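Asker: To start, I am sharing the structure in question, which I have written as structure tokens.
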Amino acid sequence: MTQLRRFLLMILLGALAPLRPVVAQEAAAGLISGTVLVAGTEAPLEGAQITLVGTERRAVSDARGRFLIGNAPPGVWRLQVRAIGYSPLIVPDVVVSSAKPATVVVRLAPTALDLTSVQVTASYFLPSIEGQTSTNTLGAEAIRRAPGVQEDVIRAVALLPGVGVTQPGRNDLAVRGGAPFENLFLVDGLEVPNINHFGTQGSTGGPLSLINVDAVEQASFSTGGFAARYGDRTASVTSITLREGNREKLAGEFTLSATGGFAVAEGPLGENGSFYFSARRSYLDFLFKAAGFGFVPAYVDGQLKVVQRVGTKNTFSFLVIGADGTVTFTNDDAEKRYDNSRVAAPSQKQYFSGLTWRRLLPRGVLDVTLGRTYTRFTTIQNDSLDPPNTIFRAFSTEGENSLRADLSVQASPRVEFSGGAVTKYASTLDYSLLLPGALRLDASGAPRPLALDTSFTADRQAVYGTVAWQATPKLRTTTGLRVDRYGFIAGAARVSPRLGARYALTGSTTLTASAGRYWQAPSYIWLVGDPSNRLLAPFRADQVVVGVEQLPRADVKVQFEVFAKQYSDYPRRVFRPQAVLAPSGFDDVTSDIPFGLEPLSAEASGRAIGAEFLVQKQLSELPIFGLSSVSVTKTTFDGADGRRRPGSFDTRVIANAVLGWRPNPKWELSGKVRVASGLPTTPFITTGPAAGSQDFSQWNEGERLPLFHALDVRVDRRWSFRRVQLVGYIDVQNIYGRKNVSGLQWNQREQLLERNEALGVLPSIGFSVEW
């Protein structure tokens with residue numbers, strides 16, 4: 001209770017404090033606790049020199065790569081890190097608080113230059129080690145402060161090149177024209193099927209990530225050319241690294257926003273360990289009820305990460321993240337009953353966990369991870385009667401165990417080897433489904449009802465190896481091979497070669513190229529859509545990427561790439577032979593067959609070509625940061641009739657721009673503009689007995705949705721006290737109230753076609769207290 005009173009007092013004092021710089025008498029100095037690792041092998045780097053830019057404070061990393069910098073003034077700082085034989089790096093956005101210590105992990109890349117050559121200028125960008133092309137990384141602060149992303153790590157990633165818009169209220173990633181189910185997500189190296197609250201079954205998107213943004217160390221996003229370590233996906237890889245709890249002192253945080261609040265506790269465990277725990281609850285249910293909505297969502301989530309070092313060579317870490325999301329309906333009048341009859345309510349209980357052993361080797365590192373993912377889906381849609389009747393039901397449980405080993409070795413100064421193996425066993429795959437024939441019509445319009453209660457198990461394995469060779473000081477090549485075996489589809493085995501190269505034209509300009517084959521197995525729920533689906537083969541994408549990167553300044557990166565992607569054996573919809581499977585978010589099962597619960601055939605082909613441009617500015621002595629990207633893409637698929645049609649996520653032009661200014665250590669102002677051409681649509685039949693159904697003979701050949709555009713703005717303010725720091729922000733999405741259209745929907749009551757329009761202006765305010 002005393003602590004709560006102190007928090008309230010600090011908030012009040014912060015709100016009344018004059019807007020002037022913090023002086024030494026007002027705020028105690030902060031502490032920076034960090035680790036320096038070798039990029040690629042993740043081995044600790046001893047002897048690295050770390051400098052707090054703009055001060056005389058310095059440190060040297062020890063045998064474990066660890067360092068401490070004390071007496072750091074509160075604010076947002078930069079670290080310069082140098083080590084003999086490694087490219088120097090500047091780490092921006094190090095947030096020093098007078099409350100809890102700042103935790104930093106720095107990765108240095110081995111330099112290709114001779115030791116007699118001296119590289120004076122340190123870069124703000126780490127050279128790509130694994131992904132030779134199409135790979136970018138966002139730090140924790142860049143994710144947190146991005147306007148309009150609702151502190152969702154996936155929405156922040158969507159600002160990078162190649163990611164299309166699906167719906168404003170969702171975070172589905174449609175990468176280079178591919179469907180959201182083609183994306184791979186990893187959290188601390190653990191593959192997770194869907195990391196969202198109310199996620200779409202069989203795909204990867206949802207309204208909101210269940211990852212607490214405070215726990216994120218960084219997010220790496222690759223839209224093509226990713227290494228052989230990553231497989232079973234054809235579009236992209238998002239690898240999210242969660243930070244450890246600080247190892248210096250017990251600390252906490254409480255954050256309250258417009259949609260919910262979360263609390264954090266972290267600190268040391270003995271001399272060689274740490275813990276991080278957070279819990280979050282939304283109060284959307286209170287807001288929706290107060291506003292009189294009939295659709296009421298609510299969610300809670302929590303995460304725990306524990307790290308313990310044993311001796312000088314062994315580290316054990318345990319991670320568990322769990323969430324519970326429910327949707328309830330208020331059907332107290334006819335209008336609400338009708339609105340609710342057009343929504344499939346997706347309630348979910350889920351968790352994923354991983355136990356990792358890391359062993360440091362003389363020239364590398366070995367990681368072994370035992371993992372578990374589990375999701376219980378409960379999706380129901382009712383009609384508009386009083387009382388309502390269920391017209392669709394999907395009760396599903398998917399639980400999978402995994403064991404993974406990854407080895408990275410620096411075989412010689414010029415050769416690095418990485419390899420590994422993974423085995424997965426889905427021990428729990430239970431499905432109870434009800435889909436009436438009226439909602440599941442075949443190509444002739446005949447009803448094909450689906451009602452089943454079934455269970456099965458599945459196994460899959462993969463092995464991979466990659467050799468990175470520094471052929472010359474300017475040329476680095478990567479050669480990889482991956483083999484996947486899918487035991488649940490007749491033991492099918494697929495081979496995936498990967499090639500990549502980087503050539504330094506000058507000290508600031510690099511040519512990049514990659515080529516590879518990528519395979520993906522069908523989602524588990526597709527296999528129960530029809531008995532024939534149990535033999536559905538994996539589909540593939542062959543991709544070639546060529547690009548150029550330039551660093552005109554140490555804090556500015558410019559990247560340009562062109563790509564071509566060819567799909568084969570893609571799942572075609574037998575009941576809709578002109579179309580391929582492309583689910584994202586199913587808000588209304590009356591509009592189309594959901595979740596791939598229909599006969600599918602692995603025989604469609606498609607292609608995507610495009611060009612992407614990126615400019616990224618890191619925060620430096622010039623107090624401006626930003627990111628701008630433009631993508632031009634064309635995606636088509638061939639129907640069974642031989643006609644080539646646009647893909648469902650064929651967004652021809654996408655442009656993003658984020659610009660921010662930090663005039664002093666306390667204030668930060670930023671804005672984001674997003675513009676995208678409209679997605680293709682399938683026309684609806686508006687007359688006759690088939691009125692309200694889509695005309696799939698013209699799949700994706702109807703009028704495109706209107707141009708999407710929105711402007712978001714954000715203001716952040718920091719207050720530092722002796723033992724407490726307060727951060728407040730105001731975030732306004734779609735500030736000029738654009739009614740962007742996310743799709744078309746048939747109004748059965750009015751017998752007319754409607755546009756699904758997004759909300760207008762969406763303001764949000766929040767604050768965070770650290771102690």
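Just remember, in the structure tokens the first chain shown is A, the second B, etc., residues are 1-based per chain, and ligands are 1-based in the order shown.
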Go through segment 74-163 of chain A residue by residue and, counting only C-alpha atoms, keep those with an atom at most 10 Å from segment 228-239 of chain A; for each kept residue give the shortest atom pair and its distance in Å to one decimal, ordered by chain and increasing number, as a tab-separated table.
Answerer:
residue	atom	partner	partner_atom	distance
A:Glu130	CA	A:Ala228	CA	9.0
A:Gly131	CA	A:Ala228	CA	9.5
A:Ser134	CA	A:Ser236	CA	9.5
A:Thr135	CA	A:Val237	CA	9.1
A:Asn136	CA	A:Thr238	CA	9.9
A:Thr137	CA	A:Ser239	CA	9.4
A:Val153	CA	A:Thr238	CA	10.0
A:Ile154	CA	A:Thr238	CA	8.5
A:Val157	CA	A:Thr238	CA	8.3
A:Gly162	CA	A:Ser236	CA	9.9
A:Val163	CA	A:Ser236	CA	9.8
Asker: By how many Å are atom CA of Asp152 of chain A and atom CA of Asn196 of chain A apart?
Answerer: 9.9 Å
Asker: Can you pull out every residue within 6 Å of segment 88-95 of chain A, counting only C-alpha atoms, but drop anything in the same chain fewer than 3 positions away, and send it as a VMD selection string?
Answerer: chain A and resid 75 to 82 122 to 124
Asker: Selection from above, C-alpha atoms, as a short mmCIF file (atom, residue, chain, number, x, y, z; two decimals), in the first residue's frame, can you write it?
Answerer:
data_model
loop_
_atom_site.label_atom_id
_atom_site.label_comp_id
_atom_site.auth_asym_id
_atom_site.auth_seq_id
_atom_site.Cartn_x
_atom_site.Cartn_y
_atom_site.Cartn_z
CA GLY A 75 18.10 9.91 -20.71
CA VAL A 76 18.44 8.18 -24.04
CA TRP A 77 22.08 7.53 -24.89
CA ARG A 78 24.36 5.85 -27.41
CA LEU A 79 27.07 3.27 -26.75
CA GLN A 80 30.16 2.91 -28.93
CA VAL A 81 31.63 -0.60 -28.83
CA ARG A 82 35.01 -1.58 -30.28
CA ALA A 122 31.71 3.05 -36.20
CA SER A 123 28.44 2.17 -37.89
CA TYR A 124 24.94 2.15 -36.41
#
Asker: Separation of atom CA of Pro168 of chain A and atom CA of Leu707 of chain A, in Å?
Answerer: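 Calculated distance between atom CA of Pro168 of chain A and atom CA of Leu707 of chain A is 12.9 Å.
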Asker: Of the candidates A:Ser282, A:Gln348, A:Thr510, A:Asn734, which one gets nearest to Thr375 of chain A if we count only C-alpha atoms?
Answerer: A:Gln348
Asker: If you run DSSP over the backbone, which residues in segment 499-672 of chain A end up strand (DSSP E)? Put them as a ChimeraX atom specification.
Answerer: /A:499-504,509-520,539-553,556-573,600-617,624-638,644-646,653-661,667-672
Asker: I want to know what sits within 6 Å of Pro74 of chain A, based on only C-alpha atoms, with residues of the same chain fewer than 3 positions away left out; could you give that as a PyMOL selection string?
Answerer: chain A and resi 30+96-98
Asker: How would the residues just chosen look if you wrote them out with C-alpha atoms as a PDB file, in the first residue's frame?
Answerer:
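Below is the file that was written, result19.pdb:
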ATOM      1  CA  GLY A  30      21.460   5.339 -13.714  1.00  0.00           C
ATOM      2  CA  VAL A  96      18.940   5.046 -18.913  1.00  0.00           C
ATOM      3  CA  SER A  97      16.555   5.372 -15.993  1.00  0.00           C
ATOM      4  CA  SER A  98      17.032   6.619 -12.463  1.00  0.00           C
TER       5      SER A  98
END
Asker: Find the residue from A:Trp699, A:Phe395, A:Tyr736, A:Phe329 that sits nearest to Leu711 of chain A; use only C-alpha atoms when measuring.
Answerer: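 Selected residue with least distance to Leu711 of chain A: A:Tyr736.
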Asker: Which residue, A:Gly267, A:Pro531, A:Pro683, A:Pro101, has the smallest gap to Ala29 of chain A when you use only C-alpha atoms?
Answerer: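 Of A:Gly267, A:Pro531, A:Pro683, A:Pro101, the one nearest Ala29 of chain A is A:Pro101, counting only C-alpha atoms.
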Asker: Against segment 415-435 of chain A, which residues of segment 162-205 of chain A fall within 12 Å? For each one I want the closest pair of atoms and the distance in Å (one decimal), counting only C-alpha atoms, rows by chain and increasing residue number, as a tab-separated table.
Answerer:
residue	atom	partner	partner_atom	distance
A:Gly189	CA	A:Val422	CA	11.6
A:Leu190	CA	A:Val422	CA	10.8
A:Glu191	CA	A:Lys424	CA	10.5
A:Gln201	CA	A:Tyr431	CA	11.8
Asker: Next, dump the selected residues to file, keeping only all heavy atoms, as a PDB file, in the first residue's frame.
Answerer:
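After the write, result_15.pdb holds the following:
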ATOM      1  N   GLY A 189      14.091 -18.238 -30.233  1.00  0.00           N
ATOM      2  CA  GLY A 189      14.456 -19.437 -30.973  1.00  0.00           C
ATOM      3  C   GLY A 189      13.394 -20.509 -31.030  1.00  0.00           C
ATOM      4  O   GLY A 189      13.572 -21.517 -31.729  1.00  0.00           O
ATOM      5  N   LEU A 190      12.279 -20.343 -30.325  1.00  0.00           N
ATOM      6  CA  LEU A 190      11.198 -21.328 -30.313  1.00  0.00           C
ATOM      7  C   LEU A 190      10.167 -20.970 -31.371  1.00  0.00           C
ATOM      8  O   LEU A 190       9.641 -19.850 -31.387  1.00  0.00           O
ATOM      9  CB  LEU A 190      10.535 -21.363 -28.931  1.00  0.00           C
ATOM     10  CG  LEU A 190       9.366 -22.332 -28.757  1.00  0.00           C
ATOM     11  CD1 LEU A 190       9.846 -23.771 -28.840  1.00  0.00           C
ATOM     12  CD2 LEU A 190       8.666 -22.081 -27.417  1.00  0.00           C
ATOM     13  N   GLU A 191       9.872 -21.905 -32.291  1.00  0.00           N
ATOM     14  CA  GLU A 191       8.881 -21.667 -33.328  1.00  0.00           C
ATOM     15  C   GLU A 191       7.480 -21.710 -32.717  1.00  0.00           C
ATOM     16  O   GLU A 191       7.107 -22.670 -32.053  1.00  0.00           O
ATOM     17  CB  GLU A 191       9.006 -22.710 -34.436  1.00  0.00           C
ATOM     18  CG  GLU A 191      10.343 -22.647 -35.170  1.00  0.00           C
ATOM     19  CD  GLU A 191      10.449 -23.668 -36.281  1.00  0.00           C
ATOM     20  OE1 GLU A 191       9.409 -24.272 -36.623  1.00  0.00           O
ATOM     21  OE2 GLU A 191      11.562 -23.876 -36.788  1.00  0.00           O
ATOM     22  N   GLN A 201      -6.933 -19.411 -36.754  1.00  0.00           N
ATOM     23  CA  GLN A 201      -6.453 -20.787 -36.753  1.00  0.00           C
ATOM     24  C   GLN A 201      -5.965 -21.178 -38.141  1.00  0.00           C
ATOM     25  O   GLN A 201      -6.581 -20.886 -39.150  1.00  0.00           O
ATOM     26  CB  GLN A 201      -7.557 -21.742 -36.315  1.00  0.00           C
ATOM     27  CG  GLN A 201      -7.061 -23.167 -36.074  1.00  0.00           C
ATOM     28  CD  GLN A 201      -8.095 -24.029 -35.384  1.00  0.00           C
ATOM     29  OE1 GLN A 201      -9.222 -23.608 -35.167  1.00  0.00           O
ATOM     30  NE2 GLN A 201      -7.710 -25.247 -35.037  1.00  0.00           N
TER      31      GLN A 201
END
Asker: Which residue is closest to Gly507 of chain A? Choose from A:His709, A:Thr121, A:Thr51, A:Asp386 and count only C-alpha atoms.
Answerer: A:Thr121
Asker: Using only C-alpha atoms, which residue out of A:Leu304, A:Ala640, A:Ala602, A:Val149 lies closest to Asp712 of chain A?
Answerer: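 So, comparing all the options, the nearest one is A:Val149.
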Asker: Provide the atom CA of Glu141 of chain A to atom CA of Val187 of chain A distance in Å, to one decimal place.
Answerer: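 Straight-line distance from atom CA of Glu141 of chain A to atom CA of Val187 of chain A works out to 18.0 Å.
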Asker: Can you tell me, as a list in words, what residues are no more than 8 Å from segment 299-302 of chain A when counting only C-alpha atoms, ignoring any on the same chain fewer than 4 positions away?
Answerer: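 Everything that qualifies: His197, Leu210, Phe277, Ser278, Ala279, Arg280, Arg281, Ser282, Ile321, Gly322, Ala323, Asp324, Gly325 and Thr326 of chain A.
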